[in-house]
Amino acid sequence: MSTTSTARHAGGPGPDTGPDGHDARGGRLGRIVRSPLGWMLTGLVGVGLVSGLTGTGPGPVPVLGAVAAVAVYWLVMRRVARRSTPEIARRGAGREALLGGAIGLGFVLVSALLITAFGGYSFSWAGHGFMAVVWSAVMVQIGAAVTEELLFRGLALQALEQLWGSRAAIVITGLFFGVAHLGAPGASAWSALAIALEAGVMLGAAFLWRRSIWFVAGLHFAWNTTEQLLGIPVSGHTPEGLFTVDVHGSAVLTGGGFGLEAAVVPVVIGVLLAMRMFVLARRGGGLLPRRSARHTQVG
């Protein structure tokens, strides 16, 4: 995928904008709705509603919800924001999802292995039905990964990027991602900061690098699914997994009852990965500076 061309295309005027980038129709209200904050809020409501209705449904309902969320996102971007959607292009989607999934899988396995080596985790087979557990985990985590990435990276990051540039957008969305997890069981100020750094900032940098929702959704999905199957709490929640994990020692090492995300090891690894992805995004021309961002605003 060409990061440079995608970033420029995504930030440019849409099919119903004039040569100066302003909405050619709809008057003041239309310009407000089609401004970055306008279409961001519209999309957050639409995708968030779909996620709320389907995210915890039985069987394939979360996956169907993810499909519906992508459709809502496409409608908001095309009809409200008046912009193209290369970030959800079908071409290359499988490759991007697999690449992101490989990074997410490696991230969790290396983190869990290091914590185990330091004496923090020990695992035992849970004895639950293999296929039933895997099926449930995959269905739920596909829905969660796709809808959360549409909300935070597709809508919030891209809208804030148009207003204030890529660097500000990644910081703001990263912090908000951490704050959004404060309502999880066992959450604390530390767990929120840890998630902001290792997940919010890393996933933001991953999106700036690849400019693909499928890449960050694949990373997010593999991360959460691997944690769940290992029996490690996922952001304070302990769904049924293939293993059970016994936690030993300091919560700084293990994350305590909140799970892997609140442990120091994945925070360090996540920050290092984020730095590398950010460098790759900058080299590929995928960062939007603040001055350029102001010129690409609609309305």
# chains A, B, ... in the order shown; residues from 1 in each chain; ligands from 1
>>> select_by_dssp(residues="stretch 156-205 of chain A", states="alpha helix (DSSP H)", output="PDB file with N, CA, C and O atoms, in the first residue's frame")
ATOM      1  N   GLN A 158      -8.471  10.296  12.289  1.00  0.00           N
ATOM      2  CA  GLN A 158      -8.427  10.985  10.997  1.00  0.00           C
ATOM      3  C   GLN A 158      -9.062  12.368  11.056  1.00  0.00           C
ATOM      4  O   GLN A 158      -8.595  13.299  10.393  1.00  0.00           O
ATOM      5  N   ALA A 159     -10.115  12.523  11.866  1.00  0.00           N
ATOM      6  CA  ALA A 159     -10.734  13.841  11.992  1.00  0.00           C
ATOM      7  C   ALA A 159      -9.802  14.808  12.719  1.00  0.00           C
ATOM      8  O   ALA A 159      -9.580  15.946  12.275  1.00  0.00           O
ATOM      9  N   LEU A 160      -9.239  14.368  13.838  1.00  0.00           N
ATOM     10  CA  LEU A 160      -8.330  15.231  14.597  1.00  0.00           C
ATOM     11  C   LEU A 160      -7.049  15.502  13.818  1.00  0.00           C
ATOM     12  O   LEU A 160      -6.451  16.584  13.946  1.00  0.00           O
ATOM     13  N   GLU A 161      -6.660  14.559  12.987  1.00  0.00           N
ATOM     14  CA  GLU A 161      -5.485  14.735  12.147  1.00  0.00           C
ATOM     15  C   GLU A 161      -5.695  15.876  11.154  1.00  0.00           C
ATOM     16  O   GLU A 161      -4.796  16.670  10.888  1.00  0.00           O
ATOM     17  N   GLN A 162      -6.894  15.976  10.611  1.00  0.00           N
ATOM     18  CA  GLN A 162      -7.193  17.061   9.686  1.00  0.00           C
ATOM     19  C   GLN A 162      -7.197  18.413  10.395  1.00  0.00           C
ATOM     20  O   GLN A 162      -6.870  19.437   9.797  1.00  0.00           O
ATOM     21  N   LEU A 163      -7.557  18.404  11.667  1.00  0.00           N
ATOM     22  CA  LEU A 163      -7.608  19.658  12.421  1.00  0.00           C
ATOM     23  C   LEU A 163      -6.241  20.088  12.924  1.00  0.00           C
ATOM     24  O   LEU A 163      -5.860  21.259  12.796  1.00  0.00           O
ATOM     25  N   TRP A 164      -5.479  19.156  13.497  1.00  0.00           N
ATOM     26  CA  TRP A 164      -4.264  19.539  14.213  1.00  0.00           C
ATOM     27  C   TRP A 164      -3.027  18.740  13.816  1.00  0.00           C
ATOM     28  O   TRP A 164      -1.983  18.886  14.441  1.00  0.00           O
ATOM     29  N   SER A 166      -1.010  14.909  12.492  1.00  0.00           N
ATOM     30  CA  SER A 166      -0.912  13.515  12.927  1.00  0.00           C
ATOM     31  C   SER A 166      -0.396  13.372  14.350  1.00  0.00           C
ATOM     32  O   SER A 166      -0.884  12.532  15.115  1.00  0.00           O
ATOM     33  N   ARG A 167       0.587  14.189  14.725  1.00  0.00           N
ATOM     34  CA  ARG A 167       1.192  14.033  16.053  1.00  0.00           C
ATOM     35  C   ARG A 167       0.186  14.335  17.156  1.00  0.00           C
ATOM     36  O   ARG A 167       0.079  13.595  18.138  1.00  0.00           O
ATOM     37  N   ALA A 168      -0.534  15.431  17.011  1.00  0.00           N
ATOM     38  CA  ALA A 168      -1.551  15.766  18.013  1.00  0.00           C
ATOM     39  C   ALA A 168      -2.653  14.716  18.033  1.00  0.00           C
ATOM     40  O   ALA A 168      -3.141  14.326  19.098  1.00  0.00           O
ATOM     41  N   ALA A 169      -3.047  14.243  16.861  1.00  0.00           N
ATOM     42  CA  ALA A 169      -4.142  13.272  16.775  1.00  0.00           C
ATOM     43  C   ALA A 169      -3.789  11.970  17.479  1.00  0.00           C
ATOM     44  O   ALA A 169      -4.621  11.374  18.170  1.00  0.00           O
ATOM     45  N   ILE A 170      -2.543  11.508  17.317  1.00  0.00           N
ATOM     46  CA  ILE A 170      -2.157  10.242  17.926  1.00  0.00           C
ATOM     47  C   ILE A 170      -2.090  10.367  19.447  1.00  0.00           C
ATOM     48  O   ILE A 170      -2.449   9.440  20.184  1.00  0.00           O
ATOM     49  N   VAL A 171      -1.673  11.533  19.947  1.00  0.00           N
ATOM     50  CA  VAL A 171      -1.620  11.752  21.401  1.00  0.00           C
ATOM     51  C   VAL A 171      -3.032  11.821  21.982  1.00  0.00           C
ATOM     52  O   VAL A 171      -3.345  11.169  22.989  1.00  0.00           O
ATOM     53  N   ILE A 172      -3.904  12.586  21.352  1.00  0.00           N
ATOM     54  CA  ILE A 172      -5.266  12.768  21.866  1.00  0.00           C
ATOM     55  C   ILE A 172      -6.044  11.458  21.835  1.00  0.00           C
ATOM     56  O   ILE A 172      -6.681  11.068  22.822  1.00  0.00           O
ATOM     57  N   THR A 173      -6.001  10.756  20.705  1.00  0.00           N
ATOM     58  CA  THR A 173      -6.752   9.498  20.619  1.00  0.00           C
ATOM     59  C   THR A 173      -6.157   8.427  21.525  1.00  0.00           C
ATOM     60  O   THR A 173      -6.885   7.590  22.068  1.00  0.00           O
ATOM     61  N   GLY A 174      -4.823   8.450  21.702  1.00  0.00           N
ATOM     62  CA  GLY A 174      -4.204   7.495  22.616  1.00  0.00           C
ATOM     63  C   GLY A 174      -4.678   7.699  24.041  1.00  0.00           C
ATOM     64  O   GLY A 174      -5.045   6.746  24.738  1.00  0.00           O
ATOM     65  N   LEU A 175      -4.688   8.963  24.484  1.00  0.00           N
ATOM     66  CA  LEU A 175      -5.160   9.258  25.838  1.00  0.00           C
ATOM     67  C   LEU A 175      -6.630   8.917  25.999  1.00  0.00           C
ATOM     68  O   LEU A 175      -7.046   8.351  27.021  1.00  0.00           O
ATOM     69  N   PHE A 176      -7.419   9.220  25.000  1.00  0.00           N
ATOM     70  CA  PHE A 176      -8.846   8.921  25.074  1.00  0.00           C
ATOM     71  C   PHE A 176      -9.081   7.416  25.109  1.00  0.00           C
ATOM     72  O   PHE A 176      -9.984   6.931  25.800  1.00  0.00           O
ATOM     73  N   PHE A 177      -8.252   6.653  24.390  1.00  0.00           N
ATOM     74  CA  PHE A 177      -8.380   5.197  24.398  1.00  0.00           C
ATOM     75  C   PHE A 177      -8.122   4.659  25.801  1.00  0.00           C
ATOM     76  O   PHE A 177      -8.800   3.743  26.266  1.00  0.00           O
ATOM     77  N   GLY A 178      -7.139   5.237  26.491  1.00  0.00           N
ATOM     78  CA  GLY A 178      -6.877   4.834  27.860  1.00  0.00           C
ATOM     79  C   GLY A 178      -8.014   5.195  28.794  1.00  0.00           C
ATOM     80  O   GLY A 178      -8.455   4.377  29.617  1.00  0.00           O
ATOM     81  N   VAL A 179      -8.526   6.423  28.671  1.00  0.00           N
ATOM     82  CA  VAL A 179      -9.634   6.882  29.517  1.00  0.00           C
ATOM     83  C   VAL A 179     -10.872   6.014  29.294  1.00  0.00           C
ATOM     84  O   VAL A 179     -11.605   5.706  30.242  1.00  0.00           O
ATOM     85  N   ALA A 180     -11.096   5.610  28.041  1.00  0.00           N
ATOM     86  CA  ALA A 180     -12.278   4.794  27.735  1.00  0.00           C
ATOM     87  C   ALA A 180     -12.256   3.453  28.444  1.00  0.00           C
ATOM     88  O   ALA A 180     -13.301   2.812  28.607  1.00  0.00           O
ATOM     89  N   ALA A 189      -5.656   4.415  37.417  1.00  0.00           N
ATOM     90  CA  ALA A 189      -4.965   5.439  36.631  1.00  0.00           C
ATOM     91  C   ALA A 189      -3.786   4.827  35.875  1.00  0.00           C
ATOM     92  O   ALA A 189      -3.510   5.195  34.721  1.00  0.00           O
ATOM     93  N   TRP A 190      -3.078   3.881  36.521  1.00  0.00           N
ATOM     94  CA  TRP A 190      -1.957   3.236  35.860  1.00  0.00           C
ATOM     95  C   TRP A 190      -2.406   2.407  34.670  1.00  0.00           C
ATOM     96  O   TRP A 190      -1.797   2.457  33.591  1.00  0.00           O
ATOM     97  N   SER A 191      -3.483   1.621  34.831  1.00  0.00           N
ATOM     98  CA  SER A 191      -3.940   0.782  33.718  1.00  0.00           C
ATOM     99  C   SER A 191      -4.392   1.644  32.549  1.00  0.00           C
ATOM    100  O   SER A 191      -4.163   1.293  31.377  1.00  0.00           O
ATOM    101  N   ALA A 192      -5.024   2.780  32.840  1.00  0.00           N
ATOM    102  CA  ALA A 192      -5.448   3.687  31.768  1.00  0.00           C
ATOM    103  C   ALA A 192      -4.243   4.254  31.031  1.00  0.00           C
ATOM    104  O   ALA A 192      -4.231   4.328  29.796  1.00  0.00           O
ATOM    105  N   LEU A 193      -3.211   4.650  31.776  1.00  0.00           N
ATOM    106  CA  LEU A 193      -1.997   5.173  31.152  1.00  0.00           C
ATOM    107  C   LEU A 193      -1.304   4.087  30.344  1.00  0.00           C
ATOM    108  O   LEU A 193      -0.820   4.335  29.221  1.00  0.00           O
ATOM    109  N   ALA A 194      -1.249   2.878  30.902  1.00  0.00           N
ATOM    110  CA  ALA A 194      -0.603   1.771  30.198  1.00  0.00           C
ATOM    111  C   ALA A 194      -1.302   1.485  28.873  1.00  0.00           C
ATOM    112  O   ALA A 194      -0.642   1.320  27.830  1.00  0.00           O
ATOM    113  N   ILE A 195      -2.626   1.434  28.885  1.00  0.00           N
ATOM    114  CA  ILE A 195      -3.372   1.172  27.652  1.00  0.00           C
ATOM    115  C   ILE A 195      -3.212   2.329  26.671  1.00  0.00           C
ATOM    116  O   ILE A 195      -3.112   2.131  25.452  1.00  0.00           O
ATOM    117  N   MET A 202       0.251   2.947  20.131  1.00  0.00           N
ATOM    118  CA  MET A 202       0.784   1.965  19.185  1.00  0.00           C
ATOM    119  C   MET A 202      -0.174   1.730  18.030  1.00  0.00           C
ATOM    120  O   MET A 202       0.242   1.695  16.861  1.00  0.00           O
ATOM    121  N   LEU A 203      -1.451   1.568  18.312  1.00  0.00           N
ATOM    122  CA  LEU A 203      -2.418   1.353  17.240  1.00  0.00           C
ATOM    123  C   LEU A 203      -2.553   2.595  16.367  1.00  0.00           C
ATOM    124  O   LEU A 203      -2.755   2.496  15.149  1.00  0.00           O
ATOM    125  N   GLY A 204      -2.426   3.780  16.978  1.00  0.00           N
ATOM    126  CA  GLY A 204      -2.443   4.999  16.189  1.00  0.00           C
ATOM    127  C   GLY A 204      -1.252   5.066  15.253  1.00  0.00           C
ATOM    128  O   GLY A 204      -1.389   5.402  14.067  1.00  0.00           O
ATOM    129  N   ALA A 205      -0.066   4.742  15.762  1.00  0.00           N
ATOM    130  CA  ALA A 205       1.133   4.725  14.919  1.00  0.00           C
ATOM    131  C   ALA A 205       1.015   3.668  13.836  1.00  0.00           C
ATOM    132  O   ALA A 205       1.461   3.869  12.692  1.00  0.00           O
TER     133      ALA A 205
END
>>> select_by_dssp(residues="stretch 18-128 of chain A", states="strand (DSSP E)", output="list of chain:residue names")
A:Tyr121, A:Ser122, A:Phe123, A:Ser124, A:Trp125
>>> closest_atom_pairs(of="stretch 146-189 of chain A", to="stretch 236-257 of chain A", cutoff="9 Å", atoms="only C-alpha atoms", output="CSV")
residue,atom,partner,partner_atom,distance
A:Ala184,CA,A:Gly236,CA,5.7
A:Pro185,CA,A:Gly236,CA,4.8
A:Gly186,CA,A:Gly236,CA,5.7
A:Ala187,CA,A:Gly236,CA,6.9
>>> closest_residue(among="A:Leu99, A:Leu53, A:Leu182, A:Ala132", to="A:Ala144", atoms="only C-alpha atoms")
A:Leu53
>>> residues_around(residues="A:Ala217", least_positions_apart="5", cutoff="9 Å", atoms="only C-alpha atoms", output="ChimeraX atom specification")
/A:97,100-101,142,144-150,203,212,222
>>> closest_residue(among="A:Ala81, A:Leu288, A:Ile232, A:Phe152", to="A:Leu37", atoms="only C-alpha atoms")
A:Ala81
>>> residues_around(residues="A:Val63", least_positions_apart="4", cutoff="8 Å", atoms="only C-alpha atoms", output="MDAnalysis selection string")
chainID A and resid 67 139:140 142:143
>>> write_last_selection(atoms="C-alpha atoms", output="mmCIF file, in the first residue's frame")
data_model
loop_
_atom_site.group_PDB
_atom_site.id
_atom_site.type_symbol
_atom_site.label_atom_id
_atom_site.label_comp_id
_atom_site.auth_asym_id
_atom_site.auth_seq_id
_atom_site.Cartn_x
_atom_site.Cartn_y
_atom_site.Cartn_z
ATOM 1 C CA VAL A 67 -19.983 -5.746 8.894
ATOM 2 C CA MET A 139 -16.660 -14.025 17.040
ATOM 3 C CA VAL A 140 -16.535 -11.594 19.959
ATOM 4 C CA ILE A 142 -13.671 -9.687 15.536
ATOM 5 C CA GLY A 143 -16.606 -7.488 16.462
#
>>> atom_distance(atom1="atom CA of A:Trp135", atom2="atom CA of A:Leu155")
29.0 Å
